[in-house]
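> Next comes the structure file model_2.cif, holding mmCIF, C-alpha atoms.
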```cif
data_model
loop_
_atom_site.label_atom_id
_atom_site.label_comp_id
_atom_site.auth_asym_id
_atom_site.auth_seq_id
_atom_site.Cartn_x
_atom_site.Cartn_y
_atom_site.Cartn_z
CA MET A 1 -0.91 3.36 3.87
CA SER A 2 -3.48 5.06 1.63
CA THR A 3 -6.55 6.89 2.92
CA LYS A 4 -8.69 4.52 0.84
CA ASN A 5 -7.26 1.46 2.61
CA ASN A 6 -7.71 3.11 6.02
CA ASN A 7 -11.33 3.89 5.20
CA SER A 8 -11.90 0.31 4.04
CA ARG A 9 -10.53 -1.08 7.30
CA ARG A 10 -12.62 1.31 9.39
CA LYS A 11 -15.72 0.40 7.36
CA PHE A 12 -15.11 -3.33 7.92
CA LEU A 13 -14.56 -2.92 11.66
CA GLY A 14 -17.75 -0.90 11.87
CA THR A 15 -19.59 -3.55 9.89
CA LEU A 16 -18.18 -6.28 12.11
CA ALA A 17 -19.40 -4.50 15.22
CA MET A 18 -22.86 -3.91 13.75
CA GLY A 19 -23.15 -7.52 12.68
CA ALA A 20 -22.16 -8.67 16.13
CA ALA A 21 -24.77 -6.46 17.75
CA ALA A 22 -27.46 -7.60 15.32
CA SER A 23 -26.74 -11.27 15.88
CA GLY A 24 -26.37 -10.96 19.63
CA LEU A 25 -22.88 -12.49 19.50
CA SER A 26 -19.77 -10.84 20.92
CA VAL A 27 -17.60 -11.27 17.83
CA LEU A 28 -15.09 -8.64 18.81
CA ALA A 29 -14.84 -9.77 22.41
CA ASN A 30 -14.65 -13.48 21.61
CA PRO A 31 -13.41 -14.23 18.07
CA LEU A 32 -13.33 -17.96 18.79
CA GLN A 33 -17.07 -17.81 19.36
CA ALA A 34 -17.43 -16.12 15.96
CA ASN A 35 -15.53 -18.91 14.24
CA SER A 36 -17.82 -21.51 15.79
CA PHE A 37 -21.06 -19.98 14.47
CA SER A 38 -21.86 -22.99 12.30
CA PHE A 39 -18.70 -25.07 12.16
CA ASP A 40 -19.17 -28.20 14.19
CA GLU A 41 -16.87 -31.20 13.74
CA GLU A 42 -18.74 -32.45 10.68
CA ASN A 43 -18.54 -29.09 8.92
CA MET A 44 -14.86 -28.76 9.74
CA ASN A 45 -14.17 -32.21 8.29
CA ASP A 46 -16.03 -31.28 5.11
CA ALA A 47 -14.06 -28.06 4.76
CA ASP A 48 -10.72 -29.77 5.34
CA LYS A 49 -11.54 -32.59 2.91
CA TRP A 50 -12.48 -30.08 0.22
CA PHE A 51 -8.88 -28.91 -0.03
CA LYS A 52 -7.85 -32.40 -1.11
CA ASN A 53 -9.45 -31.58 -4.48
CA ILE A 54 -6.50 -29.32 -5.27
CA LYS A 55 -4.57 -31.03 -8.05
CA GLY A 56 -1.82 -30.59 -10.57
CA THR A 57 1.63 -29.13 -10.83
CA HIS A 58 0.49 -25.52 -10.97
CA ARG A 59 -1.57 -24.25 -8.01
CA ILE A 60 -2.71 -20.74 -7.14
CA VAL A 61 -5.10 -19.15 -4.65
CA TYR A 62 -6.65 -15.72 -5.21
CA ASP A 63 -7.58 -13.61 -2.20
CA GLY A 64 -10.96 -12.19 -3.27
CA SER A 65 -11.59 -9.70 -0.46
CA THR A 66 -13.48 -7.09 -2.50
CA PRO A 67 -15.69 -7.26 -5.62
CA HIS A 68 -13.06 -5.31 -7.61
CA ASP A 69 -15.12 -5.31 -10.84
CA GLY A 70 -15.16 -9.12 -10.87
CA PHE A 71 -11.38 -9.54 -10.96
CA PRO A 72 -11.26 -12.23 -8.25
CA ILE A 73 -13.07 -14.36 -10.85
CA ILE A 74 -11.45 -12.91 -13.98
CA TRP A 75 -7.96 -13.70 -12.71
CA ASN A 76 -9.02 -17.27 -11.92
CA TRP A 77 -10.05 -17.58 -15.58
CA ALA A 78 -6.80 -15.90 -16.72
CA PHE A 79 -4.77 -18.55 -14.89
CA TYR A 80 -6.45 -21.33 -16.86
CA HIS A 81 -6.39 -19.42 -20.13
CA THR A 82 -2.71 -18.52 -20.08
CA ASN A 83 -1.59 -21.89 -18.75
CA ASN A 84 -3.48 -23.55 -21.61
CA GLN A 85 -1.72 -21.22 -24.04
CA THR A 86 1.65 -22.28 -22.66
CA GLY A 87 0.92 -26.00 -22.87
CA THR A 88 -0.60 -26.90 -19.49
CA LYS A 89 -3.88 -28.80 -19.50
CA ASP A 90 -6.68 -28.11 -17.04
CA GLU A 91 -6.02 -31.46 -15.36
CA ASP A 92 -2.53 -30.32 -14.30
CA MET A 93 -3.50 -27.14 -12.47
CA THR A 94 -5.85 -25.66 -9.90
CA ALA A 95 -6.93 -22.07 -9.41
CA MET A 96 -8.86 -21.31 -6.23
CA THR A 97 -10.64 -18.08 -5.34
CA VAL A 98 -11.35 -17.41 -1.68
CA ILE A 99 -14.43 -15.15 -1.63
CA ARG A 100 -14.39 -13.18 1.60
CA HIS A 101 -15.01 -9.81 3.26
CA ASN A 102 -17.33 -7.69 1.10
CA ALA A 103 -16.97 -9.88 -2.00
CA ILE A 104 -19.14 -12.63 -0.47
CA GLY A 105 -22.11 -11.67 -2.64
CA PHE A 106 -20.33 -13.41 -5.51
CA ALA A 107 -21.01 -16.72 -3.74
CA LEU A 108 -24.76 -16.14 -3.44
CA GLU A 109 -27.66 -16.81 -5.78
CA ASP A 110 -29.65 -14.14 -7.63
CA ARG A 111 -32.64 -14.55 -5.29
CA LEU A 112 -30.61 -13.12 -2.41
CA TRP A 113 -29.21 -10.26 -4.47
CA GLU A 114 -32.73 -9.06 -5.19
CA LYS A 115 -34.23 -9.81 -1.78
CA TYR A 116 -31.51 -8.11 0.28
CA ALA A 117 -30.27 -5.46 -2.19
CA LEU A 118 -26.77 -6.96 -2.21
CA GLY A 119 -25.65 -4.81 -5.13
CA GLU A 120 -26.22 -1.73 -3.00
CA LEU A 121 -24.68 -3.33 0.09
CA PHE A 122 -21.51 -4.46 -1.66
CA GLU A 123 -21.34 -1.62 -4.21
CA VAL A 124 -21.63 -3.86 -7.27
CA LYS A 125 -23.18 -2.26 -10.34
CA ASP A 126 -25.00 -3.86 -13.24
CA ASN A 127 -23.06 -2.54 -16.24
CA SER A 128 -26.15 -2.73 -18.42
CA THR A 129 -28.08 -0.28 -16.23
CA GLY A 130 -25.47 1.53 -14.16
CA ASN A 131 -27.55 0.78 -11.08
CA PRO A 132 -26.72 -1.47 -8.11
CA SER A 133 -26.99 -5.04 -9.36
CA THR A 134 -29.95 -7.20 -8.40
CA ARG A 135 -28.21 -10.36 -9.62
CA ASN A 136 -24.89 -12.17 -9.33
CA THR A 137 -22.87 -10.89 -12.29
CA VAL A 138 -19.99 -13.38 -12.07
CA TYR A 139 -21.63 -16.80 -11.72
CA GLU A 140 -23.13 -16.97 -15.21
CA PRO A 141 -22.06 -13.59 -16.62
CA GLN A 142 -24.14 -11.86 -19.25
CA GLU A 143 -22.84 -9.68 -22.05
CA GLY A 144 -21.26 -6.59 -20.55
CA ASP A 145 -20.62 -8.07 -17.11
CA PHE A 146 -16.96 -8.76 -17.91
CA PRO A 147 -14.64 -6.73 -20.18
CA PHE A 148 -14.73 -9.50 -22.83
CA THR A 149 -17.50 -11.99 -23.59
CA PHE A 150 -15.10 -14.96 -23.71
CA ILE A 151 -14.15 -14.63 -20.02
CA GLN A 152 -15.80 -17.44 -18.09
CA GLY A 153 -17.75 -17.11 -14.87
CA ILE A 154 -17.73 -19.25 -11.76
CA LYS A 155 -20.00 -21.99 -13.10
CA GLN A 156 -17.92 -22.69 -16.22
CA LEU A 157 -14.67 -22.41 -14.30
CA GLN A 158 -15.89 -24.99 -11.78
CA GLU A 159 -16.47 -27.36 -14.69
CA ARG A 160 -12.77 -26.96 -15.54
CA GLY A 161 -11.66 -27.77 -11.99
CA ALA A 162 -11.44 -24.28 -10.50
CA MET A 163 -12.36 -24.06 -6.83
CA PHE A 164 -14.32 -21.39 -4.98
CA CYS A 165 -15.07 -21.01 -1.28
CA VAL A 166 -16.80 -18.38 0.83
CA CYS A 167 -16.10 -17.02 4.30
CA ASP A 168 -18.66 -18.08 6.92
CA LEU A 169 -17.53 -15.36 9.32
CA ALA A 170 -18.35 -12.70 6.72
CA LEU A 171 -21.70 -14.36 5.97
CA ASN A 172 -22.52 -14.04 9.67
CA VAL A 173 -21.37 -10.45 10.00
CA TYR A 174 -23.01 -9.05 6.87
CA SER A 175 -26.25 -11.00 7.25
CA GLY A 176 -26.45 -9.69 10.81
CA MET A 177 -25.97 -6.14 9.59
CA VAL A 178 -28.68 -6.58 6.95
CA ALA A 179 -31.02 -8.15 9.50
CA GLN A 180 -30.59 -5.14 11.77
CA LYS A 181 -31.23 -2.71 8.92
CA MET A 182 -34.36 -4.57 7.74
CA ASN A 183 -35.61 -5.36 11.25
CA LEU A 184 -35.42 -9.11 10.62
CA ASP A 185 -34.30 -12.04 12.74
CA PRO A 186 -30.51 -12.38 12.27
CA THR A 187 -30.51 -16.16 12.54
CA GLU A 188 -33.18 -16.46 9.86
CA VAL A 189 -31.31 -14.11 7.52
CA TYR A 190 -28.03 -15.96 8.08
CA ASN A 191 -29.69 -19.31 7.38
CA ASP A 192 -31.28 -17.84 4.25
CA TRP A 193 -27.88 -16.72 3.01
CA LYS A 194 -26.33 -20.09 3.79
CA SER A 195 -29.10 -21.84 1.86
CA GLY A 196 -28.40 -19.56 -1.10
CA VAL A 197 -24.69 -20.32 -1.45
CA LEU A 198 -24.23 -21.40 -5.06
CA PRO A 199 -23.58 -25.06 -5.99
CA ASP A 200 -20.12 -26.44 -5.21
CA ILE A 201 -18.93 -23.28 -3.49
CA GLN A 202 -17.52 -24.51 -0.19
CA VAL A 203 -18.37 -22.63 2.99
CA VAL A 204 -15.22 -22.30 5.13
CA PRO A 205 -14.82 -20.99 8.71
CA SER A 206 -13.18 -17.81 7.45
CA GLY A 207 -11.50 -16.55 4.32
CA VAL A 208 -8.14 -16.17 6.03
CA TRP A 209 -8.43 -19.74 7.35
CA ALA A 210 -8.94 -20.93 3.77
CA LEU A 211 -6.05 -18.88 2.42
CA GLY A 212 -3.78 -20.55 4.94
CA ARG A 213 -5.05 -24.04 4.10
CA ALA A 214 -4.64 -23.43 0.38
CA GLN A 215 -1.01 -22.42 0.82
CA GLU A 216 -0.41 -25.47 3.01
CA HIS A 217 -1.62 -27.50 0.00
CA GLY A 218 0.95 -25.91 -2.30
CA CYS A 219 -0.97 -22.94 -3.70
CA GLY A 220 0.85 -19.71 -4.41
CA TYR A 221 -0.89 -16.60 -3.07
CA ILE A 222 -2.13 -13.66 -5.16
CA PHE A 223 -4.14 -10.73 -3.79
CA ALA A 224 -7.18 -10.11 -5.99
CA GLY A 225 -8.78 -7.19 -4.18
CA ASN A 226 -8.13 -3.53 -4.78
#
```
Before anything else, please render the file you have as structure tokens.

Amino acid sequence: MSTKNNNSRRKFLGTLAMGAAASGLSVLANPLQANSFSFDEENMNDADKWFKNIKGTHRIVYDGSTPHDGFPIIWNWAFYHTNNQTGTKDEDMTAMTVIRHNAIGFALEDRLWEKYALGELFEVKDNSTGNPSTRNTVYEPQEGDFPFTFIQGIKQLQERGAMFCVCDLALNVYSGMVAQKMNLDPTEVYNDWKSGVLPDIQVVPSGVWALGRAQEHGCGYIFAGN
């Protein structure tokens, strides 16, 4: 296993612990409690029903665990683009990206990127400035955000039937960490992040939960991190 992967795992475990401390919840000691942060029966039903929107002969789920220069979104677009080129219409396929771990900023609106310095937190740069981004670069990408201007962002891909969801566990952990750093109330920060999830992006109990559900609904799995 590479040193980079080991460092990433250590960083996440440290972040998880900090988020738990900030939110006053024993995530590490009681993971079931972590999964029940906001998922009552109604929310669970909504999440489960969402997976029924998967359609078509060709089905894929991308594991977007890191920002990876936008590739969890780019590869979603590539699935549609190359299937179209080989004769498959949008109506006969579904590409899903599960946005989890430290890629969750891609599910959040620009207001939160600026307010909580998410570009710095998640190490996402604005290619036009070279500085940490203060906006979501993959929802409605601007020139320079992706390698080519014709690559579509989340909003346009959703219009084609692509599906995107975000990990609630990661929203809890990272919002708790930010709350601690900024000396804010963790519940208020978490609720602010939840209110800023972009339209039609489904909040799911956890990213790994969603990856399992997607495969149960016939989606092939592709890792889209780095």
> List the spatial neighbours of A:Tyr80 as number ranges by chain - criterion: any atom at most 8 Å away, all atoms listed in the file, same-chain residues fewer than 6 positions off excluded.
A: 90, 93, 95
> Kindly give the distance, in Å, that separates atom CA of A:Met182 and atom CA of A:Val204, rounded to a single decimal.
26.2 Å
> Rounded to one decimal in Å, what is the spacing between atom CA of A:Leu211 and atom CA of A:Phe71?
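One can read the atom CA of A:Leu211 to atom CA of A:Phe71 distance as 17.2 Å.
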> Can you turn the PyMOL selection byres ((chain A and resi 68) around 12) into a concrete residue list for this file, as a ChimeraX atom specification?
/A:63-67,69-75,99,101-104,106,122-125,138,146,223-226
> Could the residues in this selection be saved with C-alpha atoms as a compact mmCIF listing (two decimals), in the coordinates of the input?

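To be explicit, this is the file written out as selection-v4.txt:
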```txt
# COMPACT_ATOMS: atom_id res chain seq x y z
CA ASP A 63 -7.58 -13.61 -2.20
CA GLY A 64 -10.96 -12.19 -3.27
CA SER A 65 -11.59 -9.70 -0.46
CA THR A 66 -13.48 -7.09 -2.50
CA PRO A 67 -15.69 -7.26 -5.62
CA ASP A 69 -15.12 -5.31 -10.84
CA GLY A 70 -15.16 -9.12 -10.87
CA PHE A 71 -11.38 -9.54 -10.96
CA PRO A 72 -11.26 -12.23 -8.25
CA ILE A 73 -13.07 -14.36 -10.85
CA ILE A 74 -11.45 -12.91 -13.98
CA TRP A 75 -7.96 -13.70 -12.71
CA ILE A 99 -14.43 -15.15 -1.63
CA HIS A 101 -15.01 -9.81 3.26
CA ASN A 102 -17.33 -7.69 1.10
CA ALA A 103 -16.97 -9.88 -2.00
CA ILE A 104 -19.14 -12.63 -0.47
CA PHE A 106 -20.33 -13.41 -5.51
CA PHE A 122 -21.51 -4.46 -1.66
CA GLU A 123 -21.34 -1.62 -4.21
CA VAL A 124 -21.63 -3.86 -7.27
CA LYS A 125 -23.18 -2.26 -10.34
CA VAL A 138 -19.99 -13.38 -12.07
CA PHE A 146 -16.96 -8.76 -17.91
CA PHE A 223 -4.14 -10.73 -3.79
CA ALA A 224 -7.18 -10.11 -5.99
CA GLY A 225 -8.78 -7.19 -4.18
CA ASN A 226 -8.13 -3.53 -4.78
```
> Compare A:Leu169, A:Asp110, A:His58, A:Asp145 by their minimum atom-to-atom distance to A:Asn127, counting only C-alpha atoms, and give me the closest one.
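The shortest atom-to-atom distance to A:Asn127 comes from A:Asp145.
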> One number please: atom CA of A:Leu184 to atom CA of A:Ile201, in Å, one decimal.
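One can read the atom CA of A:Leu184 to atom CA of A:Ile201 distance as 25.9 Å.
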> Which residues, named as in the file, does the PyMOL selection byres ((chain A and resi 61) around 10) pick out? Answer as a PDB file with C-alpha atoms, in the frame of the given file.

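Output below, filename part22.pdb:
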```
ATOM      1  CA  ARG A  59      -1.570 -24.250  -8.010  1.00  0.00           C
ATOM      2  CA  ILE A  60      -2.710 -20.740  -7.140  1.00  0.00           C
ATOM      3  CA  TYR A  62      -6.650 -15.720  -5.210  1.00  0.00           C
ATOM      4  CA  ASP A  63      -7.580 -13.610  -2.200  1.00  0.00           C
ATOM      5  CA  GLY A  64     -10.960 -12.190  -3.270  1.00  0.00           C
ATOM      6  CA  PRO A  72     -11.260 -12.230  -8.250  1.00  0.00           C
ATOM      7  CA  ASN A  76      -9.020 -17.270 -11.920  1.00  0.00           C
ATOM      8  CA  THR A  94      -5.850 -25.660  -9.900  1.00  0.00           C
ATOM      9  CA  ALA A  95      -6.930 -22.070  -9.410  1.00  0.00           C
ATOM     10  CA  MET A  96      -8.860 -21.310  -6.230  1.00  0.00           C
ATOM     11  CA  THR A  97     -10.640 -18.080  -5.340  1.00  0.00           C
ATOM     12  CA  VAL A  98     -11.350 -17.410  -1.680  1.00  0.00           C
ATOM     13  CA  MET A 163     -12.360 -24.060  -6.830  1.00  0.00           C
ATOM     14  CA  PHE A 164     -14.320 -21.390  -4.980  1.00  0.00           C
ATOM     15  CA  ALA A 210      -8.940 -20.930   3.770  1.00  0.00           C
ATOM     16  CA  LEU A 211      -6.050 -18.880   2.420  1.00  0.00           C
ATOM     17  CA  GLY A 212      -3.780 -20.550   4.940  1.00  0.00           C
ATOM     18  CA  ALA A 214      -4.640 -23.430   0.380  1.00  0.00           C
ATOM     19  CA  GLN A 215      -1.010 -22.420   0.820  1.00  0.00           C
ATOM     20  CA  GLY A 218       0.950 -25.910  -2.300  1.00  0.00           C
ATOM     21  CA  CYS A 219      -0.970 -22.940  -3.700  1.00  0.00           C
ATOM     22  CA  GLY A 220       0.850 -19.710  -4.410  1.00  0.00           C
ATOM     23  CA  TYR A 221      -0.890 -16.600  -3.070  1.00  0.00           C
ATOM     24  CA  ILE A 222      -2.130 -13.660  -5.160  1.00  0.00           C
ATOM     25  CA  PHE A 223      -4.140 -10.730  -3.790  1.00  0.00           C
ATOM     26  CA  ALA A 224      -7.180 -10.110  -5.990  1.00  0.00           C
TER      27      ALA A 224
END
```
> May I ask which of the residues A:Val189, A:Leu108, A:Lys194, A:Gly119 is the closest one to A:Met177, counting only C-alpha atoms?
A:Val189
> For the file shown, report as a list in words the outcome of the PyMOL selection byres ((chain A and resi 111) around 10) at residue level.
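Residues picked by the PyMOL selection byres ((chain A and resi 111) around 10): Leu108, Glu109, Asp110, Leu112, Trp113, Glu114, Lys115, Tyr116, Ala117, Thr134, Arg135, Asn136, Trp193 and Gly196 of chain A.
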> Scan for residues within 8 Å of the point (-5.4, -30.3, -3.1) in the coordinates of the file, using only C-alpha atoms, and reply as a PDB file with C-alpha atoms, in the coordinates of the input.

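Ended up saving to result-v2.pdb:
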```
ATOM      1  CA  TRP A  50     -12.480 -30.080   0.220  1.00  0.00           C
ATOM      2  CA  PHE A  51      -8.880 -28.910  -0.030  1.00  0.00           C
ATOM      3  CA  LYS A  52      -7.850 -32.400  -1.110  1.00  0.00           C
ATOM      4  CA  ASN A  53      -9.450 -31.580  -4.480  1.00  0.00           C
ATOM      5  CA  ILE A  54      -6.500 -29.320  -5.270  1.00  0.00           C
ATOM      6  CA  LYS A  55      -4.570 -31.030  -8.050  1.00  0.00           C
ATOM      7  CA  ALA A 214      -4.640 -23.430   0.380  1.00  0.00           C
ATOM      8  CA  HIS A 217      -1.620 -27.500   0.000  1.00  0.00           C
ATOM      9  CA  GLY A 218       0.950 -25.910  -2.300  1.00  0.00           C
TER      10      GLY A 218
END
```
> Of the candidates A:Gly207, A:Gly144, A:Gly56, A:Gly130, which shows the shortest atom-to-atom distance to A:Val166, using all atoms listed in the file?
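That would be A:Gly207, the residue with the smallest distance to A:Val166.
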> Fewer than 5 positions away in the same chain doesn't count, so skip those; otherwise give me all residues within 10 Å of A:Asp192, counting only C-alpha atoms, as a short mmCIF file (atom, residue, chain, number, x, y, z; two decimals) with C-alpha atoms, in the frame of the given file.

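So the final result, stored in result_32.cif, reads:
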```cif
data_model
loop_
_atom_site.label_atom_id
_atom_site.label_comp_id
_atom_site.auth_asym_id
_atom_site.auth_seq_id
_atom_site.Cartn_x
_atom_site.Cartn_y
_atom_site.Cartn_z
CA LEU A 112 -30.61 -13.12 -2.41
CA SER A 175 -26.25 -11.00 7.25
CA PRO A 186 -30.51 -12.38 12.27
CA THR A 187 -30.51 -16.16 12.54
CA VAL A 197 -24.69 -20.32 -1.45
#
```
> With N, CA and C atoms as the goal, would you fill in the gaps in stretch 187-215 of chain A and present it as a PDB file, in the coordinates of the input?

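The resulting selection-v7.pdb:
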```
ATOM      1  N   THR A 187     -30.737 -14.738  12.791  1.00  0.00           N
ATOM      2  CA  THR A 187     -30.510 -16.160  12.540  1.00  0.00           C
ATOM      3  C   THR A 187     -31.224 -16.600  11.261  1.00  0.00           C
ATOM      4  N   GLU A 188     -32.434 -16.101  11.075  1.00  0.00           N
ATOM      5  CA  GLU A 188     -33.180 -16.460   9.860  1.00  0.00           C
ATOM      6  C   GLU A 188     -32.505 -15.916   8.613  1.00  0.00           C
ATOM      7  N   VAL A 189     -31.990 -14.694   8.685  1.00  0.00           N
ATOM      8  CA  VAL A 189     -31.310 -14.110   7.520  1.00  0.00           C
ATOM      9  C   VAL A 189     -30.020 -14.880   7.228  1.00  0.00           C
ATOM     10  N   TYR A 190     -29.267 -15.179   8.274  1.00  0.00           N
ATOM     11  CA  TYR A 190     -28.030 -15.960   8.080  1.00  0.00           C
ATOM     12  C   TYR A 190     -28.335 -17.309   7.435  1.00  0.00           C
ATOM     13  N   ASN A 191     -29.342 -18.011   7.944  1.00  0.00           N
ATOM     14  CA  ASN A 191     -29.690 -19.310   7.380  1.00  0.00           C
ATOM     15  C   ASN A 191     -30.162 -19.185   5.930  1.00  0.00           C
ATOM     16  N   ASP A 192     -30.842 -18.088   5.624  1.00  0.00           N
ATOM     17  CA  ASP A 192     -31.280 -17.840   4.250  1.00  0.00           C
ATOM     18  C   ASP A 192     -30.073 -17.660   3.340  1.00  0.00           C
ATOM     19  N   TRP A 193     -29.098 -16.910   3.812  1.00  0.00           N
ATOM     20  CA  TRP A 193     -27.880 -16.720   3.010  1.00  0.00           C
ATOM     21  C   TRP A 193     -27.131 -18.033   2.829  1.00  0.00           C
ATOM     22  N   LYS A 194     -27.031 -18.801   3.902  1.00  0.00           N
ATOM     23  CA  LYS A 194     -26.330 -20.090   3.790  1.00  0.00           C
ATOM     24  C   LYS A 194     -27.030 -21.005   2.790  1.00  0.00           C
ATOM     25  N   SER A 195     -28.365 -20.992   2.789  1.00  0.00           N
ATOM     26  CA  SER A 195     -29.100 -21.840   1.860  1.00  0.00           C
ATOM     27  C   SER A 195     -28.953 -21.379   0.426  1.00  0.00           C
ATOM     28  N   GLY A 196     -28.541 -20.116   0.245  1.00  0.00           N
ATOM     29  CA  GLY A 196     -28.400 -19.560  -1.100  1.00  0.00           C
ATOM     30  C   GLY A 196     -26.973 -19.519  -1.607  1.00  0.00           C
ATOM     31  N   VAL A 197     -26.052 -20.189  -0.916  1.00  0.00           N
ATOM     32  CA  VAL A 197     -24.690 -20.320  -1.450  1.00  0.00           C
ATOM     33  C   VAL A 197     -24.759 -21.188  -2.706  1.00  0.00           C
ATOM     34  N   LEU A 198     -24.126 -20.743  -3.758  1.00  0.00           N
ATOM     35  CA  LEU A 198     -24.230 -21.400  -5.060  1.00  0.00           C
ATOM     36  C   LEU A 198     -23.596 -22.794  -5.057  1.00  0.00           C
ATOM     37  N   PRO A 199     -24.047 -23.668  -5.977  1.00  0.00           N
ATOM     38  CA  PRO A 199     -23.580 -25.060  -5.990  1.00  0.00           C
ATOM     39  C   PRO A 199     -22.049 -25.174  -6.048  1.00  0.00           C
ATOM     40  N   ASP A 200     -21.538 -26.077  -5.241  1.00  0.00           N
ATOM     41  CA  ASP A 200     -20.120 -26.440  -5.210  1.00  0.00           C
ATOM     42  C   ASP A 200     -19.197 -25.336  -4.717  1.00  0.00           C
ATOM     43  N   ILE A 201     -19.760 -24.251  -4.196  1.00  0.00           N
ATOM     44  CA  ILE A 201     -18.930 -23.280  -3.490  1.00  0.00           C
ATOM     45  C   ILE A 201     -18.882 -23.700  -2.027  1.00  0.00           C
ATOM     46  N   GLN A 202     -17.689 -23.978  -1.544  1.00  0.00           N
ATOM     47  CA  GLN A 202     -17.520 -24.510  -0.190  1.00  0.00           C
ATOM     48  C   GLN A 202     -17.570 -23.383   0.839  1.00  0.00           C
ATOM     49  N   VAL A 203     -18.373 -23.564   1.866  1.00  0.00           N
ATOM     50  CA  VAL A 203     -18.370 -22.630   2.990  1.00  0.00           C
ATOM     51  C   VAL A 203     -17.236 -23.017   3.931  1.00  0.00           C
ATOM     52  N   VAL A 204     -16.384 -22.053   4.264  1.00  0.00           N
ATOM     53  CA  VAL A 204     -15.220 -22.300   5.130  1.00  0.00           C
ATOM     54  C   VAL A 204     -15.337 -21.407   6.366  1.00  0.00           C
ATOM     55  N   PRO A 205     -14.676 -21.769   7.475  1.00  0.00           N
ATOM     56  CA  PRO A 205     -14.820 -20.990   8.710  1.00  0.00           C
ATOM     57  C   PRO A 205     -14.543 -19.498   8.512  1.00  0.00           C
ATOM     58  N   SER A 206     -13.477 -19.200   7.799  1.00  0.00           N
ATOM     59  CA  SER A 206     -13.180 -17.810   7.450  1.00  0.00           C
ATOM     60  C   SER A 206     -12.328 -17.800   6.194  1.00  0.00           C
ATOM     61  N   GLY A 207     -12.311 -16.653   5.528  1.00  0.00           N
ATOM     62  CA  GLY A 207     -11.500 -16.550   4.320  1.00  0.00           C
ATOM     63  C   GLY A 207     -10.020 -16.686   4.616  1.00  0.00           C
ATOM     64  N   VAL A 208      -9.562 -16.085   5.719  1.00  0.00           N
ATOM     65  CA  VAL A 208      -8.140 -16.170   6.030  1.00  0.00           C
ATOM     66  C   VAL A 208      -7.740 -17.590   6.427  1.00  0.00           C
ATOM     67  N   TRP A 209      -8.662 -18.317   7.061  1.00  0.00           N
ATOM     68  CA  TRP A 209      -8.430 -19.740   7.350  1.00  0.00           C
ATOM     69  C   TRP A 209      -8.201 -20.490   6.041  1.00  0.00           C
ATOM     70  N   ALA A 210      -9.041 -20.234   5.054  1.00  0.00           N
ATOM     71  CA  ALA A 210      -8.940 -20.930   3.770  1.00  0.00           C
ATOM     72  C   ALA A 210      -7.673 -20.556   3.024  1.00  0.00           C
ATOM     73  N   LEU A 211      -7.282 -19.297   3.088  1.00  0.00           N
ATOM     74  CA  LEU A 211      -6.050 -18.880   2.420  1.00  0.00           C
ATOM     75  C   LEU A 211      -4.846 -19.610   3.007  1.00  0.00           C
ATOM     76  N   GLY A 212      -4.855 -19.789   4.309  1.00  0.00           N
ATOM     77  CA  GLY A 212      -3.780 -20.550   4.940  1.00  0.00           C
ATOM     78  C   GLY A 212      -3.774 -22.000   4.514  1.00  0.00           C
ATOM     79  N   ARG A 213      -4.963 -22.631   4.507  1.00  0.00           N
ATOM     80  CA  ARG A 213      -5.050 -24.040   4.100  1.00  0.00           C
ATOM     81  C   ARG A 213      -4.607 -24.222   2.657  1.00  0.00           C
ATOM     82  N   ALA A 214      -5.004 -23.311   1.789  1.00  0.00           N
ATOM     83  CA  ALA A 214      -4.640 -23.430   0.380  1.00  0.00           C
ATOM     84  C   ALA A 214      -3.122 -23.387   0.201  1.00  0.00           C
ATOM     85  N   GLN A 215      -2.462 -22.504   0.937  1.00  0.00           N
ATOM     86  CA  GLN A 215      -1.010 -22.420   0.820  1.00  0.00           C
ATOM     87  C   GLN A 215      -0.334 -23.648   1.421  1.00  0.00           C
TER      88      GLN A 215
END
```
